[in-house]
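Asks: My structure is in input_19.txt, and what it holds is compact mmCIF, C-alpha atoms and all ligand atoms:
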```txt
# COMPACT_ATOMS: atom_id res chain seq x y z
CA MET T 1 6.19 4.89 -17.46
CA THR T 2 5.52 1.95 -19.74
CA PRO T 3 1.98 0.94 -20.56
CA PRO T 4 0.68 -2.29 -19.04
CA SER T 5 1.64 -5.53 -20.73
CA GLY T 6 1.29 -9.31 -20.36
CA THR T 7 0.12 -10.39 -16.94
CA GLU T 8 -0.51 -6.78 -15.98
CA THR T 9 -3.05 -6.48 -18.80
CA ALA T 10 -4.67 -9.75 -17.76
CA VAL T 11 -5.16 -8.49 -14.19
CA LEU T 12 -6.40 -5.06 -15.28
CA SER T 13 -8.83 -6.57 -17.80
CA TRP T 14 -10.14 -9.05 -15.28
CA LEU T 15 -10.87 -6.18 -12.90
CA ALA T 16 -12.64 -4.21 -15.66
CA GLU T 17 -14.72 -7.26 -16.58
CA HIS T 18 -15.89 -7.51 -12.98
CA GLU T 19 -17.28 -4.00 -12.69
CA SER T 20 -20.85 -5.12 -12.20
CA ALA T 21 -19.77 -7.86 -9.77
CA MET T 22 -17.92 -5.22 -7.74
CA LEU T 23 -20.96 -2.98 -7.72
CA ASP T 24 -23.13 -5.92 -6.64
CA LEU T 25 -20.80 -6.64 -3.73
CA VAL T 26 -20.80 -2.96 -2.72
CA ARG T 27 -24.59 -3.08 -2.70
CA THR T 28 -24.65 -6.28 -0.64
CA LEU T 29 -22.24 -4.87 1.95
CA VAL T 30 -23.87 -1.41 2.20
CA ASP T 31 -27.26 -3.04 2.75
CA ILE T 32 -25.99 -4.77 5.91
CA ASP T 33 -25.97 -2.52 8.99
CA SER T 34 -22.52 -2.64 10.57
CA GLY T 35 -22.03 0.06 13.18
CA SER T 36 -18.79 -0.40 15.12
CA TYR T 37 -20.60 -1.75 18.21
CA ASP T 38 -22.88 -4.03 16.16
CA LYS T 39 -20.83 -7.22 16.30
CA ALA T 40 -23.50 -9.29 14.55
CA GLY T 41 -23.70 -6.80 11.67
CA VAL T 42 -19.94 -6.36 11.27
CA ASP T 43 -19.61 -10.17 11.30
CA ALA T 44 -22.40 -10.49 8.72
CA VAL T 45 -20.37 -8.23 6.40
CA GLY T 46 -17.38 -10.45 7.22
CA ALA T 47 -19.33 -13.60 6.34
CA ARG T 48 -20.19 -12.21 2.92
CA LEU T 49 -16.52 -11.31 2.34
CA ARG T 50 -15.34 -14.72 3.48
CA ALA T 51 -17.73 -16.34 1.02
CA PHE T 52 -16.31 -14.15 -1.75
CA LEU T 53 -12.71 -14.97 -0.82
CA GLY T 54 -13.53 -18.69 -0.69
CA GLU T 55 -15.19 -18.58 -4.12
CA HIS T 56 -12.09 -16.89 -5.56
CA GLY T 57 -9.43 -19.15 -4.09
CA VAL T 58 -8.12 -16.61 -1.59
CA GLY T 59 -6.97 -18.14 1.71
CA PHE T 60 -8.00 -16.44 4.92
CA SER T 61 -8.08 -16.85 8.68
CA VAL T 62 -10.36 -15.34 11.28
CA VAL T 63 -9.12 -13.57 14.41
CA PRO T 64 -12.10 -13.87 16.75
CA ASN T 65 -13.21 -11.12 19.10
CA ASP T 66 -15.85 -11.31 21.82
CA ARG T 67 -16.95 -7.71 21.85
CA PHE T 68 -16.36 -6.33 18.35
CA GLY T 69 -16.54 -8.02 14.98
CA ASP T 70 -13.93 -10.67 14.21
CA ALA T 71 -10.96 -9.59 12.11
CA ILE T 72 -10.28 -11.35 8.82
CA ARG T 73 -6.77 -11.81 7.50
CA ALA T 74 -6.64 -12.86 3.84
CA GLU T 75 -3.63 -13.82 1.78
CA ALA T 76 -2.73 -14.23 -1.88
CA ASN T 77 0.62 -15.69 -2.93
CA ASN T 78 3.14 -13.94 -5.13
CA ARG T 79 4.22 -15.03 -8.60
CA SER T 80 6.45 -18.03 -8.66
CA GLY T 81 10.11 -17.64 -9.54
CA ASN T 82 10.08 -14.16 -8.14
CA GLY T 83 13.67 -13.08 -8.21
CA ALA T 84 14.82 -9.55 -8.42
CA ALA T 85 14.70 -7.20 -5.56
CA GLY T 86 12.33 -9.92 -4.62
CA SER T 87 11.24 -9.14 -1.25
CA ASN T 88 9.09 -11.73 0.38
CA ALA T 89 7.91 -9.02 2.71
CA PRO T 90 4.17 -8.80 2.14
CA VAL T 91 2.18 -5.93 0.72
CA LEU T 92 -0.58 -4.99 3.14
CA LEU T 93 -4.06 -3.86 2.11
CA LEU T 94 -6.19 -2.31 4.83
CA GLY T 95 -9.96 -1.99 5.05
CA HIS T 96 -12.54 -1.65 7.80
CA ARG T 97 -16.02 -3.17 7.69
CA ASP T 98 -17.67 -0.99 10.33
CA THR T 99 -19.57 2.25 9.75
CA VAL T 100 -20.64 5.16 11.95
CA PHE T 101 -24.33 4.51 11.31
CA PRO T 102 -26.96 3.10 13.69
CA ALA T 103 -28.92 -0.12 13.19
CA GLY T 104 -31.81 0.39 10.77
CA GLU T 105 -29.96 2.92 8.59
CA ALA T 106 -29.39 0.43 5.76
CA GLY T 107 -33.11 -0.34 5.72
CA ARG T 108 -33.99 3.36 5.58
CA ARG T 109 -31.32 4.23 3.01
CA PRO T 110 -30.42 1.11 1.01
CA PHE T 111 -27.70 1.35 -1.64
CA ARG T 112 -28.89 3.27 -4.68
CA VAL T 113 -27.23 4.62 -7.78
CA ALA T 114 -28.46 7.81 -9.43
CA ASP T 115 -26.56 9.95 -11.93
CA GLY T 116 -23.38 7.97 -11.44
CA ARG T 117 -23.39 8.38 -7.69
CA GLY T 118 -23.98 5.60 -5.21
CA SER T 119 -25.50 6.34 -1.82
CA GLY T 120 -26.15 4.40 1.37
CA PRO T 121 -24.45 4.10 4.77
CA GLY T 122 -20.72 3.48 4.45
CA CYS T 123 -20.82 3.31 0.63
CA CYS T 124 -17.53 5.17 0.23
CA ASP T 125 -16.31 4.92 3.86
CA MET T 126 -15.40 2.28 3.19
CA LYS T 127 -17.38 -0.60 1.82
CA ALA T 128 -16.34 0.21 -1.75
CA GLY T 129 -12.71 0.19 -0.59
CA VAL T 130 -13.17 -3.19 1.07
CA VAL T 131 -14.64 -4.44 -2.21
CA ILE T 132 -11.69 -3.33 -4.37
CA ASN T 133 -9.29 -4.91 -1.88
CA ALA T 134 -11.21 -8.19 -2.14
CA PHE T 135 -11.22 -8.10 -5.96
CA VAL T 136 -7.54 -7.15 -6.19
CA LEU T 137 -6.76 -10.13 -3.93
CA ALA T 138 -8.94 -12.36 -6.10
CA ALA T 139 -7.12 -11.15 -9.24
CA PHE T 140 -3.73 -11.84 -7.68
CA ALA T 141 -4.85 -15.27 -6.52
CA ARG T 142 -6.00 -16.03 -10.06
CA PHE T 143 -3.04 -14.66 -12.03
CA ALA T 144 -0.23 -15.01 -9.45
CA ALA T 145 0.84 -11.59 -10.65
CA ALA T 146 2.16 -9.91 -7.52
CA PRO T 147 5.90 -9.55 -6.77
CA SER T 148 5.29 -10.25 -3.09
CA PRO T 149 2.64 -12.05 -1.09
CA ILE T 150 -0.38 -9.85 -0.46
CA THR T 151 -2.02 -9.70 2.95
CA ALA T 152 -5.33 -7.94 3.45
CA LEU T 153 -6.92 -7.15 6.79
CA PHE T 154 -10.68 -6.66 6.90
CA THR T 155 -11.10 -5.14 10.36
CA ALA T 156 -14.08 -4.39 12.58
CA ASP T 157 -13.77 -1.16 14.53
CA GLU T 158 -11.85 1.61 12.77
CA GLU T 159 -14.52 4.23 13.34
CA ILE T 160 -14.01 4.05 17.12
CA GLY T 161 -10.22 4.00 17.02
CA SER T 162 -9.68 0.28 16.28
CA PRO T 163 -9.52 -0.89 19.92
CA SER T 164 -9.65 -4.55 18.87
CA SER T 165 -7.70 -4.24 15.60
CA LYS T 166 -4.80 -1.90 16.16
CA GLY T 167 -2.52 -4.58 17.65
CA LEU T 168 -3.09 -6.83 14.66
CA ILE T 169 -2.63 -3.93 12.24
CA ARG T 170 0.66 -2.83 13.82
CA GLU T 171 1.98 -6.38 14.04
CA THR T 172 1.10 -7.15 10.41
CA ALA T 173 2.52 -3.84 9.16
CA ARG T 174 5.87 -4.36 10.88
CA SER T 175 7.04 -6.73 8.16
CA ALA T 176 5.21 -5.07 5.24
CA ARG T 177 7.13 -3.54 2.33
CA ALA T 178 4.18 -1.26 1.49
CA VAL T 179 0.77 -0.50 2.96
CA PHE T 180 -2.24 0.70 0.99
CA ASN T 181 -5.33 1.77 2.93
CA SER T 182 -8.45 1.86 0.75
CA GLU T 183 -10.26 4.63 2.59
CA PRO T 184 -12.27 6.78 0.15
CA GLY T 185 -10.30 8.68 -2.47
CA ARG T 186 -10.91 12.42 -2.42
CA PRO T 187 -12.98 14.15 -5.11
CA GLY T 188 -10.63 14.70 -8.03
CA GLY T 189 -8.62 11.61 -7.12
CA GLY T 190 -6.60 12.78 -4.11
CA ILE T 191 -4.49 10.29 -2.17
CA VAL T 192 -3.89 10.97 1.52
CA THR T 193 -0.24 10.99 2.54
CA GLY T 194 -0.61 12.70 5.91
CA ARG T 195 -3.24 12.50 8.62
CA LYS T 196 -3.76 13.86 12.07
CA GLY T 197 -3.44 11.62 15.08
CA GLY T 198 -5.95 11.79 17.86
CA LYS T 199 -7.54 10.54 21.01
CA PHE T 200 -11.19 10.01 21.87
CA MET T 201 -11.83 10.42 25.60
CA ARG T 202 -14.61 10.29 28.13
CA LEU T 203 -14.54 12.75 30.99
CA ASP T 204 -16.56 11.97 34.12
CA VAL T 205 -17.09 14.59 36.83
CA VAL T 206 -18.60 13.80 40.22
CA GLY T 207 -20.10 16.39 42.56
CA LYS T 208 -22.73 16.13 45.27
CA ALA T 209 -26.53 16.27 45.02
CA ALA T 210 -28.58 18.74 47.07
CA HIS T 211 -32.00 20.39 46.76
CA ALA T 212 -31.52 23.44 44.58
CA GLY T 213 -34.04 25.47 46.59
CA ASN T 214 -33.75 24.33 50.18
CA ASN T 215 -30.04 23.69 50.62
CA LEU T 216 -28.10 24.72 47.55
CA ALA T 217 -24.97 25.37 49.60
CA ASP T 218 -24.76 21.67 50.52
CA GLY T 219 -24.46 20.69 46.88
CA ILE T 220 -21.40 20.52 44.61
CA SER T 221 -22.29 21.05 40.97
CA ALA T 222 -20.66 18.63 38.57
CA ILE T 223 -22.28 20.55 35.72
CA GLU T 224 -20.65 23.81 36.70
CA GLU T 225 -17.32 22.03 36.96
CA ILE T 226 -17.60 20.33 33.58
CA ALA T 227 -18.73 23.60 31.96
CA ARG T 228 -15.60 25.36 33.29
CA LYS T 229 -13.45 22.49 32.09
CA ILE T 230 -15.04 22.56 28.63
CA VAL T 231 -14.16 26.21 28.14
CA LYS T 232 -10.53 25.41 28.99
CA LEU T 233 -10.49 22.29 26.84
CA HIS T 234 -11.70 24.20 23.80
CA ALA T 235 -9.02 26.79 24.41
CA LEU T 236 -6.39 24.10 23.70
CA THR T 237 -7.29 24.34 20.02
CA ASP T 238 -4.47 25.87 18.00
CA LEU T 239 -5.21 25.43 14.32
CA VAL T 240 -1.91 27.03 13.33
CA VAL T 241 0.02 24.04 14.71
CA GLY T 242 -2.81 21.64 13.88
CA ILE T 243 -4.14 20.99 17.39
CA SER T 244 -7.88 20.70 17.87
CA CYS T 245 -9.80 19.88 21.01
CA ASN T 246 -13.54 19.49 20.72
CA VAL T 247 -16.15 18.33 23.21
CA GLY T 248 -18.61 16.46 21.05
CA THR T 249 -21.21 15.35 23.59
CA ILE T 250 -22.20 16.29 27.13
CA ALA T 251 -24.66 14.81 29.59
CA GLY T 252 -25.32 15.11 33.28
CA GLY T 253 -27.49 16.12 36.16
CA GLN T 254 -30.43 14.49 37.87
CA THR T 255 -33.45 16.83 37.84
CA VAL T 256 -34.00 20.51 37.24
CA ASN T 257 -34.24 21.22 40.97
CA THR T 258 -31.15 19.27 42.03
CA VAL T 259 -27.53 20.43 42.17
CA ALA T 260 -25.97 18.10 39.59
CA PRO T 261 -24.11 15.19 41.21
CA HIS T 262 -22.51 14.01 37.96
CA ALA T 263 -21.70 15.07 34.42
CA THR T 264 -19.89 13.51 31.48
CA ALA T 265 -18.41 14.74 28.24
CA GLU T 266 -16.76 13.11 25.24
CA VAL T 267 -13.64 14.84 24.01
CA ASP T 268 -11.82 14.60 20.67
CA LEU T 269 -8.18 15.77 20.61
CA ARG T 270 -6.24 15.85 17.32
CA TYR T 271 -2.73 16.81 16.31
CA ILE T 272 -0.32 16.69 13.40
CA ARG T 273 3.05 16.20 15.08
CA PRO T 274 3.39 13.63 17.89
CA GLU T 275 5.29 16.13 20.10
CA ASP T 276 2.47 18.69 19.80
CA GLY T 277 -0.03 15.95 20.62
CA ALA T 278 1.90 14.97 23.75
CA ARG T 279 2.08 18.59 24.89
CA ALA T 280 -1.64 19.16 24.31
CA PHE T 281 -2.49 15.93 26.11
CA SER T 282 -0.54 16.93 29.24
CA ALA T 283 -2.30 20.29 29.24
CA LEU T 284 -5.59 18.42 28.92
CA GLU T 285 -4.71 16.15 31.84
CA ALA T 286 -3.93 19.21 33.95
CA ILE T 287 -7.35 20.67 33.13
CA VAL T 288 -8.97 17.39 34.17
CA ALA T 289 -6.99 17.25 37.42
CA GLU T 290 -7.65 20.85 38.48
CA SER T 291 -10.88 21.32 40.38
CA ASN T 292 -12.57 24.69 39.71
CA VAL T 293 -15.55 23.92 41.92
CA PRO T 294 -14.12 22.74 45.24
CA GLY T 295 -15.16 19.20 46.11
CA THR T 296 -15.60 17.90 42.57
CA THR T 297 -13.54 15.01 41.28
CA ALA T 298 -12.86 14.11 37.66
CA ARG T 299 -11.72 11.04 35.81
CA LEU T 300 -10.55 10.69 32.22
CA GLU T 301 -10.79 7.53 30.16
CA ILE T 302 -9.21 7.14 26.73
CA THR T 303 -11.75 5.31 24.58
CA GLY T 304 -9.96 5.44 21.23
CA GLU T 305 -6.57 6.43 19.95
CA PHE T 306 -5.02 7.04 16.53
CA GLU T 307 -1.44 7.66 15.54
CA PRO T 308 -0.83 10.44 12.99
CA LEU T 309 0.14 9.44 9.46
CA VAL T 310 3.49 11.19 9.20
CA ALA T 311 4.91 11.12 5.68
CA SER T 312 8.33 9.43 5.71
CA ASP T 313 10.75 9.45 2.76
CA ALA T 314 9.69 5.89 1.99
CA SER T 315 5.99 6.75 2.03
CA LYS T 316 6.62 9.77 -0.22
CA ARG T 317 8.38 7.41 -2.67
CA LEU T 318 5.44 5.02 -2.42
CA PHE T 319 3.07 7.86 -3.31
CA GLU T 320 5.23 8.88 -6.32
CA HIS T 321 5.25 5.26 -7.45
CA TYR T 322 1.46 4.94 -7.10
CA ALA T 323 0.94 8.26 -8.92
CA ALA T 324 3.15 7.10 -11.82
CA CYS T 325 1.17 3.85 -12.11
CA ALA T 326 -2.10 5.78 -12.03
CA ARG T 327 -0.77 8.09 -14.78
CA ALA T 328 0.13 5.04 -16.88
CA LEU T 329 -3.59 4.23 -16.72
CA GLY T 330 -4.59 7.77 -17.69
CA GLN T 331 -5.50 8.86 -14.17
CA SER T 332 -4.13 11.88 -12.37
CA VAL T 333 -3.78 11.89 -8.61
CA GLU T 334 -2.39 14.33 -6.10
CA SER T 335 -1.28 13.96 -2.53
CA MET T 336 -3.31 15.57 0.25
CA PHE T 337 -3.37 16.01 4.01
CA ALA T 338 -6.47 15.01 6.01
CA GLY T 339 -7.60 15.97 9.50
CA GLY T 340 -9.46 12.69 9.86
CA CYS T 341 -7.63 9.83 11.56
CA ALA T 342 -7.35 6.32 10.15
CA ASP T 343 -5.65 2.96 10.58
CA SER T 344 -2.87 4.13 8.26
CA GLY T 345 -1.42 6.03 11.24
CA PHE T 346 -0.76 2.72 13.03
CA THR T 347 1.12 1.27 10.06
CA ALA T 348 3.13 4.45 9.55
CA SER T 349 3.99 4.52 13.26
CA VAL T 350 5.80 1.16 12.97
CA GLY T 351 7.78 2.42 9.97
CA ALA T 352 5.88 0.79 7.10
CA PRO T 353 5.71 2.92 3.92
CA THR T 354 2.04 3.83 3.83
CA ILE T 355 -0.40 5.69 1.62
CA CYS T 356 -4.07 6.18 2.39
CA ALA T 357 -7.34 6.86 0.57
CA VAL T 358 -6.55 4.68 -2.45
CA GLY T 359 -10.18 3.48 -2.44
CA PRO T 360 -12.91 4.48 -4.88
CA ILE T 361 -13.67 8.19 -4.83
CA GLY T 362 -16.43 9.60 -2.66
CA GLY T 363 -17.32 12.32 -0.24
CA ARG T 364 -19.35 13.60 2.71
CA ALA T 365 -18.53 10.50 4.72
CA HIS T 366 -20.28 10.08 8.09
CA SER T 367 -23.34 11.98 6.86
CA PRO T 368 -26.59 11.04 5.11
CA ASP T 369 -25.17 12.79 2.01
CA GLU T 370 -22.28 10.34 1.70
CA TYR T 371 -21.72 9.35 -1.93
CA LEU T 372 -19.59 7.07 -4.04
CA GLU T 373 -18.45 7.86 -7.59
CA VAL T 374 -19.41 4.56 -9.14
CA ASP T 375 -17.22 5.10 -12.22
CA SER T 376 -14.15 5.28 -10.01
CA ILE T 377 -14.42 1.72 -8.68
CA VAL T 378 -12.62 -0.03 -11.54
CA PRO T 379 -9.95 2.66 -12.13
CA ARG T 380 -9.01 2.73 -8.45
CA ALA T 381 -8.86 -1.08 -8.31
CA GLN T 382 -6.65 -1.03 -11.41
CA ALA T 383 -4.30 1.67 -10.09
CA LEU T 384 -3.89 -0.26 -6.85
CA ALA T 385 -3.23 -3.52 -8.68
CA LEU T 386 -0.71 -1.94 -11.07
CA ALA T 387 1.10 -0.19 -8.23
CA ILE T 388 1.49 -3.54 -6.49
CA MET T 389 2.59 -5.39 -9.64
CA ARG T 390 5.29 -2.79 -10.28
CA LEU T 391 6.61 -2.48 -6.73
CA ASP T 392 9.92 -4.13 -7.65
CA GLY T 393 10.63 -1.23 -9.99
CA ALA T 394 9.71 1.41 -7.44
ZN ZN I 401 -13.16 4.91 6.99
```
Take the structure I supplied and represent it as structure tokens, if you would.
Ligand SMILES: [Zn+2]

Replies:
Amino acid sequence: MTPPSGTETAVLSWLAEHESAMLDLVRTLVDIDSGSYDKAGVDAVGARLRAFLGEHGVGFSVVPNDRFGDAIRAEANNRSGNGAAGSNAPVLLLGHRDTVFPAGEAGRRPFRVADGRGSGPGCCDMKAGVVINAFVLAAFARFAAAPSPITALFTADEEIGSPSSKGLIRETARSARAVFNSEPGRPGGGIVTGRKGGKFMRLDVVGKAAHAGNNLADGISAIEEIARKIVKLHALTDLVVGISCNVGTIAGGQTVNTVAPHATAEVDLRYIRPEDGARAFSALEAIVAESNVPGTTARLEITGEFEPLVASDASKRLFEHYAACARALGQSVESMFAGGCADSGFTASVGAPTICAVGPIGGRAHSPDEYLEVDSIVPRAQALALAIMRLDGA
């Protein structure tokens, strides 16, 4: 593939010149707590991004939400006189502003860089990805270098299954010619081309309270029932076909000397192929419906849901195109499968060619050991920008 020239070089150089500005914005965003349920925090991150977009001539609109953070939809126009294969279908960049961390975490662990690694809550997942999306938009607004309009969504609630964003994501992706999700790149540069789908659920079991000493037989133990259900739920796991079912939290009971009148559990079900997911979910519903301890009742609520990222021919071509652009910049990338779910599943499910994890490289997301390879910020921004600029040749 040909080396960058003309406008391409101008965009790539501009990104390189803004390395310290990118790092500053990563620091600013990491140092704001923005757990998924912290609307004020997620909106504070949004306010900082809106200021950046405004300063760089990128138009945006806000999609308000009462419960979760507002979504931001930003747009940069394409180059004028775009002919060729010239699709006016937009390129979509995805990024979420929320993290899995509680309020106070940013104060305890502010963004730091040591030995080339950044740390702090959400540094790689995915505040650095949000930052490269913002700078790539700014570069395209400045140089009008993109073959198609670019739309970027900065959403609020990916870590809990995007309850408030998935409609907007699907709707925007429907008309997109390509979707890039800037979740963290894998160590070594891996790009994610397949992901599991999944559901987060809450299971509530109701029994009947009774004194555990005086009249045990009058009670109906919700804890015994949920324990029996949990054993069956875990037995749904079949790693050979890529199904996993894990109960991540349990709670219940009243006092040590009372037959438990209620119990709850949170369940995480994941799958690779939609048909396997549907089969596992019906088995799960049967487990919920069947009462092992007579007299108990159970209710299941789906609290979050992700579609799997299933690699289509078009998304495989998009990966090959991205990889060729990265190689033209001296970077090597490979395609990988991930068990973690992401918004890229929603865009793939409506047929948009999608690749994921094009963000700066990092690891150990969702843990205090999360890190960001600071030297990867500019190269990943450049690979993304070049892949967009060369889409007409893809
Ligand atoms: Zn993420």

Asks: In Å, rounded to a single decimal, give me how far atom CA of Thr172 of chain T is from atom CA of Ala352 of chain T.

Replies: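 A separation of 9.8 Å between them.
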
Asks: Around (-6.3, 6.9, 6.7), as given in the file, which residues come within 12 Å? Count all atoms listed in the file and list them as an MDAnalysis selection string.

Replies: chainID T and resid 93:96 125:126 129 158:159 161 179:186 191:197 306:310 336:348 354:359

Asks: Nearest to ligand ZN 401 (chain I) among T:Ala251, T:Val130, T:Ile32, T:Ile226, with distances taken over only C-alpha atoms and all ligand atoms: which residue is it?

Replies: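 The closest residue to ligand ZN 401 (chain I) is T:Val130.
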
Asks: So which one's closest to Glu290 of chain T, T:Asp268, T:Glu225, T:Gly189, T:Gly57? Using all atoms listed in the file, please.

Replies: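 Of all the options, T:Glu225 lies closest to Glu290 of chain T.
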
Asks: What lies within 12 Å of segment 71-73 of chain T using all atoms listed in the file, ignoring chain neighbours under 5 positions off, as a PyMOL selection string?

Replies: chain T and resi 39+42-51+53+58-66+92-98+130+133-134+137+150-158+162-169+172

Asks: Looking at all atoms listed in the file, which of T:Lys127, T:Lys232, T:Arg327, T:Arg109 is the one that sits closest to ligand ZN 401 (chain I)?

Replies: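 Closest residue, counting all atoms listed in the file: T:Lys127.
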
Asks: For ligand ZN 401 (chain I), which residue out of T:Ala328, T:Leu239, T:Ile388, T:Ala128 is the nearest one, using all atoms listed in the file?

Replies: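 Result for the nearest residue to ligand ZN 401 (chain I): T:Ala128.
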
Asks: Let me make sure I understand: among T:Ala212, T:Val256, T:Cys123, T:Val206, which one has the smallest atom-to-atom distance to ligand ZN 401 (chain I) if we use only C-alpha atoms and all ligand atoms?

Replies: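 Closest to ligand ZN 401 (chain I) of all the choices is T:Cys123.
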
Asks: Out of T:Ala227, T:Val205, T:Ile160, T:Ala324, which residue has the shortest atom-to-atom distance to ligand ZN 401 (chain I) when counting only C-alpha atoms and all ligand atoms?

Replies: T:Ile160

Asks: Could you please determine the separation between atom CA of Asp276 of chain T and atom CA of Phe200 of chain T in Å, to one decimal place?

Replies: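 For atom CA of Asp276 of chain T relative to atom CA of Phe200 of chain T, the distance reads 16.3 Å.
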
Asks: In Å, with one decimal, what is the gap from atom CA of Leu300 of chain T to atom CA of Gly252 of chain T?

Replies: 15.5 Å

Asks: Is there a way to get, as a PyMOL selection string, all residues within 7 Å of the point (-16.3, 4.0, -6.7) in file coordinates, counting all atoms listed in the file?

Replies: chain T and resi 128+360-362+372-377

Asks: Give me the residues within 12 Å of Pro110 of chain T as a list in words, counting only C-alpha atoms and dropping any in the same chain fewer than 6 places off.

Replies: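 Near neighbours after the sequence-gap exclusion: Val26, Arg27, Thr28, Leu29, Val30, Asp31, Ile32, Asp33, Gly104, Gly118, Ser119, Gly120, Pro121, Gly122, Cys123 and Pro368 of chain T.
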
Asks: At a cut-off of 12 Å, using all atoms listed in the file, what residues contact Ala286 of chain T? Leave out same-chain residues fewer than 6 positions from it and give the result as a list in words.

Replies: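 Counting all atoms listed in the file, the residues come to Lys229, Lys232, Leu233, Leu236, Arg279, Ala280, Asn292, Ala298, Arg299 and Leu300 of chain T.
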